[in-house]
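S.K.: I am attaching a structure below and will ask some questions about it afterwards.
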Amino acid sequence: MEALNCPLLSVNVRVWRFWSFVLVHNWRRYISIIPVTLLNVFMFADLYRAWGNIEELIINAYFTVLYFNAVLRTLILVYNREKYECFLTGSAKIYEELRIGKDKTISKIIDTYTKRARVLSISNLILGAIISSCFVVFPLFTGERRLPYGMFIPGLNIFDSPQRYSLFLDVACMYPILASLHQVHS
């Protein structure tokens, strides 16, 4: 059994395959990792020079570390892709052996936990998309000139109109990527 066809793994593996983290190697890998890594660098730069509003600092620090963790795990996954693909294939084979075995108790347990794993994976994707959407929309209703995340780009005033709108759209376009990068955690 392939990992893509294994019900226990298929949700996550399909997301990773779409972004070409595993099973394929194409342009999507770079389109997803490079901009998010740059965003994370700018987020760290903002934390380094942050001063004042403690609530904003805490939220920015939380998301900076969250996305750093997601980027780091993704880079580790891509670096060890072949080993991970072997692990997924082996896991799918073991899953199939246990599921079709003669022991009905184990088959029942496998089916129960497969359903739970799929619900958790799909819920994680949906919640990531909802949270990301909320963070894109939130600054529009604050009445302030701000971006979804604090970021500092040396030599650029991110609050001037053309740059702010451009960065806002760039960050908004990265949210599906950010939500699916977070899926690497699960």
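How things are named: the first chain in the structure tokens is A, the next is B, and so on; residues count from 1 in each chain; ligands count from 1 in the order shown.
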Got a sec to tell me which of chain A DSSP assigns to alpha helix (DSSP H), as a ChimeraX atom specification?
M.R.: /A:10-18,27-49,54-79,81-99,104-137,161-182
S.K.: Write a file of the selected residues as a compact mmCIF listing (two decimals), in the first residue's frame, keeping C-alpha atoms.
M.R.:
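Done, and the output landed in out09.txt:
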# COMPACT_ATOMS: atom_id res chain seq x y z
CA SER A 10 -3.37 10.20 3.28
CA VAL A 11 -4.62 13.65 4.39
CA ASN A 12 -1.21 14.86 5.53
CA VAL A 13 0.71 13.13 2.74
CA ARG A 14 -1.52 14.72 0.08
CA VAL A 15 -0.88 18.20 1.51
CA TRP A 16 2.87 17.53 1.65
CA ARG A 17 2.82 16.13 -1.89
CA PHE A 18 0.89 19.18 -3.17
CA TRP A 27 8.54 24.52 -8.20
CA ARG A 28 5.89 24.47 -5.44
CA ARG A 29 8.52 23.54 -2.87
CA TYR A 30 10.39 26.78 -3.49
CA ILE A 31 7.27 28.90 -3.90
CA SER A 32 6.14 27.76 -0.46
CA ILE A 33 9.35 27.72 1.57
CA ILE A 34 11.32 30.76 0.36
CA PRO A 35 8.68 33.50 0.91
CA VAL A 36 7.62 32.11 4.28
CA THR A 37 11.25 31.92 5.39
CA LEU A 38 11.79 35.56 4.36
CA LEU A 39 8.60 36.57 6.17
CA ASN A 40 9.89 34.81 9.28
CA VAL A 41 13.24 36.63 9.07
CA PHE A 42 11.39 39.97 8.86
CA MET A 43 9.24 38.93 11.82
CA PHE A 44 12.35 38.22 13.88
CA ALA A 45 13.79 41.60 12.82
CA ASP A 46 10.60 43.28 14.09
CA LEU A 47 10.88 41.48 17.43
CA TYR A 48 14.49 42.59 17.74
CA ARG A 49 13.55 46.26 17.42
CA ILE A 54 3.38 44.49 25.25
CA GLU A 55 0.20 42.85 23.87
CA GLU A 56 1.38 43.32 20.30
CA LEU A 57 4.85 42.09 21.23
CA ILE A 58 3.45 38.90 22.77
CA ILE A 59 1.26 38.12 19.76
CA ASN A 60 4.07 38.85 17.31
CA ALA A 61 6.51 36.73 19.33
CA TYR A 62 4.02 33.84 19.43
CA PHE A 63 3.49 33.84 15.66
CA THR A 64 7.17 34.39 14.93
CA VAL A 65 8.12 31.32 16.93
CA LEU A 66 5.16 29.33 15.58
CA TYR A 67 6.16 29.98 11.97
CA PHE A 68 9.85 29.47 12.73
CA ASN A 69 8.93 26.04 14.09
CA ALA A 70 6.84 25.29 11.00
CA VAL A 71 9.60 26.43 8.62
CA LEU A 72 12.27 24.51 10.52
CA ARG A 73 10.23 21.30 10.56
CA THR A 74 9.47 21.70 6.87
CA LEU A 75 13.13 22.19 6.02
CA ILE A 76 14.04 19.11 8.08
CA LEU A 77 11.31 17.14 6.30
CA VAL A 78 12.59 18.24 2.87
CA TYR A 79 16.21 17.54 3.82
CA ARG A 81 12.72 13.45 2.34
CA GLU A 82 13.97 10.03 1.19
CA LYS A 83 14.12 8.63 4.72
CA TYR A 84 10.69 10.04 5.48
CA GLU A 85 9.20 8.56 2.30
CA CYS A 86 10.60 5.13 3.28
CA PHE A 87 9.08 5.58 6.74
CA LEU A 88 5.69 6.50 5.23
CA THR A 89 5.77 3.51 2.88
CA GLY A 90 6.69 1.17 5.74
CA SER A 91 3.96 2.65 7.93
CA ALA A 92 1.40 2.16 5.18
CA LYS A 93 2.43 -1.49 4.75
CA ILE A 94 2.21 -2.16 8.50
CA TYR A 95 -1.18 -0.42 8.59
CA GLU A 96 -2.47 -2.64 5.79
CA GLU A 97 -1.15 -5.81 7.45
CA LEU A 98 -2.82 -4.93 10.74
CA ARG A 99 -6.08 -3.90 9.10
CA LYS A 104 -10.98 -8.50 14.70
CA THR A 105 -10.15 -6.52 17.87
CA ILE A 106 -7.06 -5.00 16.28
CA SER A 107 -8.96 -4.32 13.05
CA LYS A 108 -11.65 -2.51 15.02
CA ILE A 109 -9.06 -0.45 16.92
CA ILE A 110 -7.26 0.42 13.66
CA ASP A 111 -10.53 1.56 12.07
CA THR A 112 -11.47 3.66 15.11
CA TYR A 113 -8.12 5.43 15.30
CA THR A 114 -7.97 5.89 11.53
CA LYS A 115 -11.24 7.81 11.66
CA ARG A 116 -9.96 9.90 14.56
CA ALA A 117 -6.67 10.64 12.80
CA ARG A 118 -8.46 11.74 9.63
CA VAL A 119 -10.82 13.99 11.58
CA LEU A 120 -7.89 15.55 13.44
CA SER A 121 -5.89 16.11 10.25
CA ILE A 122 -8.81 17.66 8.40
CA SER A 123 -9.74 19.74 11.45
CA ASN A 124 -6.15 20.96 11.72
CA LEU A 125 -6.22 22.10 8.08
CA ILE A 126 -9.59 23.81 8.47
CA LEU A 127 -8.64 25.54 11.72
CA GLY A 128 -5.34 26.67 10.20
CA ALA A 129 -7.22 28.18 7.28
CA ILE A 130 -9.79 29.89 9.55
CA ILE A 131 -7.15 31.32 11.89
CA SER A 132 -5.07 32.49 8.95
CA SER A 133 -8.10 34.13 7.37
CA CYS A 134 -8.92 35.89 10.62
CA PHE A 135 -5.41 37.27 10.88
CA VAL A 136 -5.61 38.59 7.32
CA VAL A 137 -8.96 40.28 7.92
CA SER A 161 0.58 53.30 1.23
CA PRO A 162 2.02 51.44 -1.76
CA GLN A 163 4.38 49.29 0.32
CA ARG A 164 1.77 48.53 2.96
CA TYR A 165 -0.81 47.39 0.41
CA SER A 166 1.74 45.33 -1.47
CA LEU A 167 3.03 43.66 1.69
CA PHE A 168 -0.52 43.09 2.92
CA LEU A 169 -1.38 41.28 -0.34
CA ASP A 170 1.87 39.31 -0.24
CA VAL A 171 1.21 38.16 3.32
CA ALA A 172 -2.44 37.40 2.48
CA CYS A 173 -1.33 35.21 -0.43
CA MET A 174 1.03 33.32 1.89
CA TYR A 175 -1.73 32.24 4.27
CA PRO A 176 -2.66 29.02 2.48
CA ILE A 177 1.03 28.15 2.54
CA LEU A 178 1.34 29.05 6.21
CA ALA A 179 -1.72 26.98 7.09
CA SER A 180 -0.38 23.95 5.23
CA LEU A 181 3.17 24.37 6.58
CA HIS A 182 1.64 24.19 10.00
S.K.: Quick one, how far is atom CA of A:Leu9 from atom CA of A:His25?
M.R.: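 Separation of atom CA of A:Leu9 and atom CA of A:His25: 19.5 Å.
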S.K.: When you draw a straight line from atom CA of A:Met1 to atom CA of A:Trp19, how long is it in Å?
M.R.: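 Atom-to-atom, atom CA of A:Met1 to atom CA of A:Trp19, that is 21.9 Å.
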S.K.: Would you compute the distance between atom CA of A:Tyr149 and atom CA of A:Ser20? Give it in Å to one decimal.
M.R.: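 Taking atom CA of A:Tyr149 as the start and atom CA of A:Ser20 as the end point, the length is 26.2 Å.
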